[in-house]
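**Student:** Pasting data-v6.txt below, which is compact mmCIF, N, CA and C atoms.
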```txt
# COMPACT_ATOMS: atom_id res chain seq x y z
N MET A 1 188.86 255.04 186.18
CA MET A 1 188.86 254.68 184.77
C MET A 1 190.24 254.19 184.33
N LEU A 2 191.28 254.82 184.85
CA LEU A 2 192.63 254.38 184.48
C LEU A 2 192.91 252.97 185.00
N GLY A 3 192.44 252.70 186.21
CA GLY A 3 192.63 251.37 186.77
C GLY A 3 191.86 250.32 185.99
N ALA A 4 190.63 250.66 185.58
CA ALA A 4 189.83 249.71 184.80
C ALA A 4 190.47 249.47 183.44
N ASP A 5 191.03 250.53 182.84
CA ASP A 5 191.67 250.37 181.55
C ASP A 5 192.93 249.50 181.67
N ALA A 6 193.66 249.68 182.76
CA ALA A 6 194.86 248.87 182.97
C ALA A 6 194.51 247.41 183.26
N ALA A 7 193.33 247.20 183.86
CA ALA A 7 192.93 245.84 184.21
C ALA A 7 192.35 245.07 183.03
N GLN A 8 192.03 245.76 181.95
CA GLN A 8 191.43 245.08 180.80
C GLN A 8 192.42 244.13 180.16
N ILE A 9 191.88 243.03 179.70
CA ILE A 9 192.70 242.03 179.02
C ILE A 9 192.90 242.47 177.57
N LYS A 10 194.13 242.57 177.18
CA LYS A 10 194.45 242.99 175.82
C LYS A 10 194.49 241.77 174.91
N ARG A 11 193.55 241.70 173.99
CA ARG A 11 193.46 240.54 173.10
C ARG A 11 194.08 240.81 171.73
N LEU A 12 194.77 241.93 171.59
CA LEU A 12 195.35 242.24 170.29
C LEU A 12 196.44 241.24 169.91
N ASN A 13 197.10 240.66 170.91
CA ASN A 13 198.15 239.69 170.62
C ASN A 13 197.58 238.33 170.21
N ASP A 14 196.29 238.11 170.48
CA ASP A 14 195.67 236.83 170.17
C ASP A 14 195.09 236.77 168.76
N LEU A 15 195.14 237.88 168.04
CA LEU A 15 194.55 237.91 166.70
C LEU A 15 195.37 237.06 165.74
N PRO A 16 194.71 236.46 164.75
CA PRO A 16 195.47 235.66 163.78
C PRO A 16 196.43 236.54 162.98
N ASN A 17 197.50 235.92 162.56
CA ASN A 17 198.54 236.64 161.82
C ASN A 17 198.20 236.63 160.33
N PHE A 18 197.87 237.79 159.79
CA PHE A 18 197.58 237.91 158.36
C PHE A 18 198.84 238.40 157.67
N ASN A 19 199.52 237.51 157.03
CA ASN A 19 200.78 237.86 156.39
C ASN A 19 200.63 237.89 154.87
N ALA A 20 201.73 238.08 154.18
CA ALA A 20 201.72 238.19 152.72
C ALA A 20 201.28 236.88 152.06
N GLU A 21 201.61 235.75 152.65
CA GLU A 21 201.21 234.46 152.08
C GLU A 21 199.70 234.30 152.11
N ALA A 22 199.07 234.72 153.19
CA ALA A 22 197.61 234.64 153.28
C ALA A 22 196.95 235.56 152.26
N ARG A 23 197.52 236.75 152.06
CA ARG A 23 196.97 237.67 151.07
C ARG A 23 197.12 237.09 149.66
N ALA A 24 198.25 236.47 149.41
CA ALA A 24 198.46 235.87 148.09
C ALA A 24 197.48 234.72 147.87
N PHE A 25 197.20 233.95 148.91
CA PHE A 25 196.24 232.87 148.79
C PHE A 25 194.86 233.41 148.40
N VAL A 26 194.46 234.50 149.03
CA VAL A 26 193.14 235.08 148.75
C VAL A 26 193.09 235.62 147.32
N THR A 27 194.13 236.28 146.89
CA THR A 27 194.10 236.88 145.55
C THR A 27 194.26 235.84 144.44
N ASP A 28 194.95 234.74 144.73
CA ASP A 28 195.22 233.75 143.68
C ASP A 28 194.29 232.55 143.69
N GLU A 29 193.42 232.42 144.67
CA GLU A 29 192.54 231.25 144.78
C GLU A 29 191.45 231.31 143.71
N PRO A 30 191.39 230.30 142.85
CA PRO A 30 190.36 230.32 141.79
C PRO A 30 188.99 229.83 142.29
N ASP A 31 188.95 229.05 143.34
CA ASP A 31 187.69 228.49 143.83
C ASP A 31 187.00 229.50 144.76
N LEU A 32 185.93 230.11 144.27
CA LEU A 32 185.23 231.14 145.05
C LEU A 32 184.51 230.55 146.26
N GLU A 33 184.03 229.33 146.14
CA GLU A 33 183.33 228.73 147.28
C GLU A 33 184.29 228.50 148.45
N ARG A 34 185.50 228.11 148.15
CA ARG A 34 186.50 227.92 149.21
C ARG A 34 186.84 229.26 149.87
N LEU A 35 186.96 230.33 149.07
CA LEU A 35 187.20 231.66 149.62
C LEU A 35 186.03 232.12 150.49
N ARG A 36 184.83 231.84 150.02
CA ARG A 36 183.64 232.23 150.78
C ARG A 36 183.60 231.52 152.12
N THR A 37 183.90 230.23 152.13
CA THR A 37 183.90 229.47 153.37
C THR A 37 184.95 230.00 154.34
N ARG A 38 186.12 230.28 153.83
CA ARG A 38 187.20 230.79 154.68
C ARG A 38 186.88 232.19 155.21
N SER A 39 186.28 233.04 154.38
CA SER A 39 185.94 234.39 154.83
C SER A 39 184.84 234.34 155.89
N LEU A 40 183.88 233.42 155.75
CA LEU A 40 182.85 233.26 156.78
C LEU A 40 183.45 232.79 158.10
N PHE A 41 184.44 231.92 158.01
CA PHE A 41 185.12 231.46 159.21
C PHE A 41 185.79 232.63 159.93
N TYR A 42 186.53 233.46 159.18
CA TYR A 42 187.22 234.59 159.80
C TYR A 42 186.23 235.64 160.29
N PHE A 43 185.11 235.78 159.61
CA PHE A 43 184.07 236.69 160.09
C PHE A 43 183.55 236.22 161.45
N ASP A 44 183.32 234.92 161.59
CA ASP A 44 182.85 234.37 162.87
C ASP A 44 183.90 234.53 163.97
N VAL A 45 185.17 234.34 163.62
CA VAL A 45 186.24 234.52 164.60
C VAL A 45 186.28 235.97 165.07
N ALA A 46 186.19 236.91 164.14
CA ALA A 46 186.21 238.33 164.50
C ALA A 46 185.01 238.68 165.37
N ARG A 47 183.84 238.15 165.06
CA ARG A 47 182.64 238.42 165.86
C ARG A 47 182.81 237.88 167.28
N ASP A 48 183.36 236.67 167.40
CA ASP A 48 183.56 236.08 168.73
C ASP A 48 184.60 236.87 169.54
N LEU A 49 185.66 237.35 168.87
CA LEU A 49 186.65 238.15 169.57
C LEU A 49 186.05 239.46 170.07
N LYS A 50 185.21 240.08 169.24
CA LYS A 50 184.57 241.33 169.66
C LYS A 50 183.62 241.07 170.83
N ARG A 51 182.86 240.00 170.77
CA ARG A 51 181.95 239.66 171.87
C ARG A 51 182.73 239.41 173.16
N ALA A 52 183.85 238.72 173.07
CA ALA A 52 184.67 238.44 174.25
C ALA A 52 185.23 239.73 174.83
N ARG A 53 185.64 240.65 173.96
CA ARG A 53 186.19 241.92 174.43
C ARG A 53 185.11 242.73 175.14
N VAL A 54 183.90 242.75 174.58
CA VAL A 54 182.79 243.48 175.21
C VAL A 54 182.43 242.84 176.55
N ASP A 55 182.41 241.52 176.60
CA ASP A 55 182.10 240.83 177.86
C ASP A 55 183.15 241.14 178.92
N ASP A 56 184.43 241.14 178.53
CA ASP A 56 185.50 241.46 179.47
C ASP A 56 185.36 242.88 179.99
N SER A 57 185.08 243.83 179.09
CA SER A 57 184.96 245.23 179.48
C SER A 57 183.80 245.44 180.42
N SER A 58 182.65 244.85 180.09
CA SER A 58 181.48 245.05 180.95
C SER A 58 181.69 244.40 182.31
N LYS A 59 182.41 243.28 182.36
CA LYS A 59 182.66 242.62 183.64
C LYS A 59 183.57 243.46 184.51
N VAL A 60 184.60 244.07 183.91
CA VAL A 60 185.52 244.91 184.68
C VAL A 60 184.77 246.10 185.26
N PHE A 61 183.93 246.76 184.44
CA PHE A 61 183.21 247.93 184.93
C PHE A 61 182.15 247.53 185.95
N LYS A 62 181.55 246.36 185.81
CA LYS A 62 180.58 245.90 186.80
C LYS A 62 181.27 245.63 188.12
N ASP A 63 182.45 245.00 188.07
CA ASP A 63 183.20 244.75 189.29
C ASP A 63 183.61 246.05 189.96
N ALA A 64 184.03 247.04 189.18
CA ALA A 64 184.43 248.33 189.74
C ALA A 64 183.24 249.05 190.37
N SER A 65 182.08 249.00 189.72
CA SER A 65 180.91 249.68 190.29
C SER A 65 180.44 248.97 191.56
N THR A 66 180.55 247.65 191.61
CA THR A 66 180.19 246.91 192.82
C THR A 66 181.13 247.29 193.96
N LEU A 67 182.41 247.38 193.68
CA LEU A 67 183.37 247.78 194.70
C LEU A 67 183.10 249.20 195.19
N ALA A 68 182.80 250.11 194.27
CA ALA A 68 182.50 251.49 194.66
C ALA A 68 181.25 251.56 195.53
N PHE A 69 180.24 250.78 195.20
CA PHE A 69 179.02 250.75 196.00
C PHE A 69 179.33 250.21 197.40
N PHE A 70 180.13 249.17 197.50
CA PHE A 70 180.50 248.59 198.79
C PHE A 70 181.27 249.60 199.64
N VAL A 71 182.19 250.34 199.04
CA VAL A 71 182.95 251.35 199.77
C VAL A 71 182.02 252.48 200.23
N ALA A 72 181.06 252.87 199.40
CA ALA A 72 180.11 253.92 199.78
C ALA A 72 179.26 253.46 200.98
N VAL A 73 178.85 252.21 200.99
CA VAL A 73 178.08 251.68 202.13
C VAL A 73 178.94 251.69 203.38
N LEU A 74 180.21 251.33 203.27
CA LEU A 74 181.09 251.35 204.44
C LEU A 74 181.25 252.77 204.98
N PHE A 75 181.42 253.76 204.09
CA PHE A 75 181.53 255.14 204.54
C PHE A 75 180.23 255.60 205.22
N THR A 76 179.09 255.21 204.70
CA THR A 76 177.81 255.58 205.29
C THR A 76 177.66 254.97 206.68
N LEU A 77 177.99 253.70 206.82
CA LEU A 77 177.93 253.06 208.14
C LEU A 77 178.90 253.71 209.12
N SER A 78 180.09 254.04 208.65
CA SER A 78 181.07 254.69 209.51
C SER A 78 180.57 256.05 209.98
N GLY A 79 179.97 256.82 209.09
CA GLY A 79 179.43 258.12 209.46
C GLY A 79 178.30 258.00 210.47
N ALA A 80 177.40 257.05 210.25
CA ALA A 80 176.30 256.83 211.19
C ALA A 80 176.82 256.42 212.56
N MET A 81 177.84 255.58 212.59
CA MET A 81 178.41 255.16 213.87
C MET A 81 179.10 256.33 214.58
N GLN A 82 179.75 257.22 213.84
CA GLN A 82 180.38 258.41 214.43
C GLN A 82 179.33 259.32 215.05
N ILE A 83 178.21 259.51 214.38
CA ILE A 83 177.14 260.34 214.91
C ILE A 83 176.57 259.73 216.18
N LEU A 84 176.28 258.43 216.16
CA LEU A 84 175.76 257.76 217.34
C LEU A 84 176.75 257.78 218.51
N TYR A 85 178.01 257.62 218.20
CA TYR A 85 179.05 257.65 219.25
C TYR A 85 179.13 259.04 219.87
N GLY A 86 179.09 260.09 219.04
CA GLY A 86 179.13 261.46 219.56
C GLY A 86 177.93 261.76 220.43
N ARG A 87 176.75 261.33 220.03
CA ARG A 87 175.54 261.55 220.83
C ARG A 87 175.63 260.79 222.17
N ALA A 88 176.14 259.57 222.12
CA ALA A 88 176.25 258.77 223.35
C ALA A 88 177.24 259.42 224.32
N ARG A 89 178.35 259.95 223.82
CA ARG A 89 179.33 260.62 224.68
C ARG A 89 178.74 261.89 225.28
N LYS A 90 177.97 262.62 224.46
CA LYS A 90 177.35 263.84 224.95
C LYS A 90 176.33 263.52 226.04
N LYS A 91 175.55 262.47 225.83
CA LYS A 91 174.53 262.05 226.79
C LYS A 91 175.15 261.58 228.11
N ALA A 92 176.29 260.95 228.02
CA ALA A 92 176.98 260.46 229.21
C ALA A 92 177.74 261.57 229.93
N GLY A 93 177.82 262.73 229.33
CA GLY A 93 178.50 263.85 229.95
C GLY A 93 180.01 263.81 229.79
N LEU A 94 180.51 263.08 228.84
CA LEU A 94 181.97 262.99 228.63
C LEU A 94 182.49 264.11 227.74
N VAL A 95 181.61 264.86 227.10
CA VAL A 95 182.01 265.94 226.21
C VAL A 95 181.43 267.24 226.75
N GLU A 96 182.22 268.27 226.79
CA GLU A 96 181.75 269.56 227.28
C GLU A 96 181.07 270.36 226.20
```
Please express what this file holds, its structure, as structure tokens.
**Tutor:**
Amino acid sequence: MLGADAAQIKRLNDLPNFNAEARAFVTDEPDLERLRTRSLFYFDVARDLKRARVDDSSKVFKDASTLAFFVAVLFTLSGAMQILYGRARKKAGLVE
């Protein structure tokens, strides 16, 4: 989990900069339709950023689970080969 968290892409630096000038624009703008249009735009941006973050997170965890499954299969094959090798040595009389 720590490795997956470290591998996640941090999108906090990509967020738009909401400064005092932007706040003043919102509070002082007399045209409500223009404010509505701008707020819908930022709502869509926020939704897309959240969707991208969820997609990144699910991809990282899917990759980690695929890797874990592959390692488990390798350990299973290795164990089966060890058992077969031990039986073959015993059958050949190389082990007392």
**Student:** At what distance in Å, to one decimal, does atom N of Lys91 in chain A lie from CA of Val73 in chain A?
**Tutor:** 26.2 Å
**Student:** Figure out the distance between CA of Ile83 in chain A and CA of Val95 in chain A, please, to one decimal in Å.
**Tutor:** 13.5 Å
**Student:** For a test of reading the model, state the distance in Å between CA of Arg47 in chain A and CA of Ala20 in chain A, rounded to one decimal.
**Tutor:**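 These atoms are spaced 23.2 Å apart.
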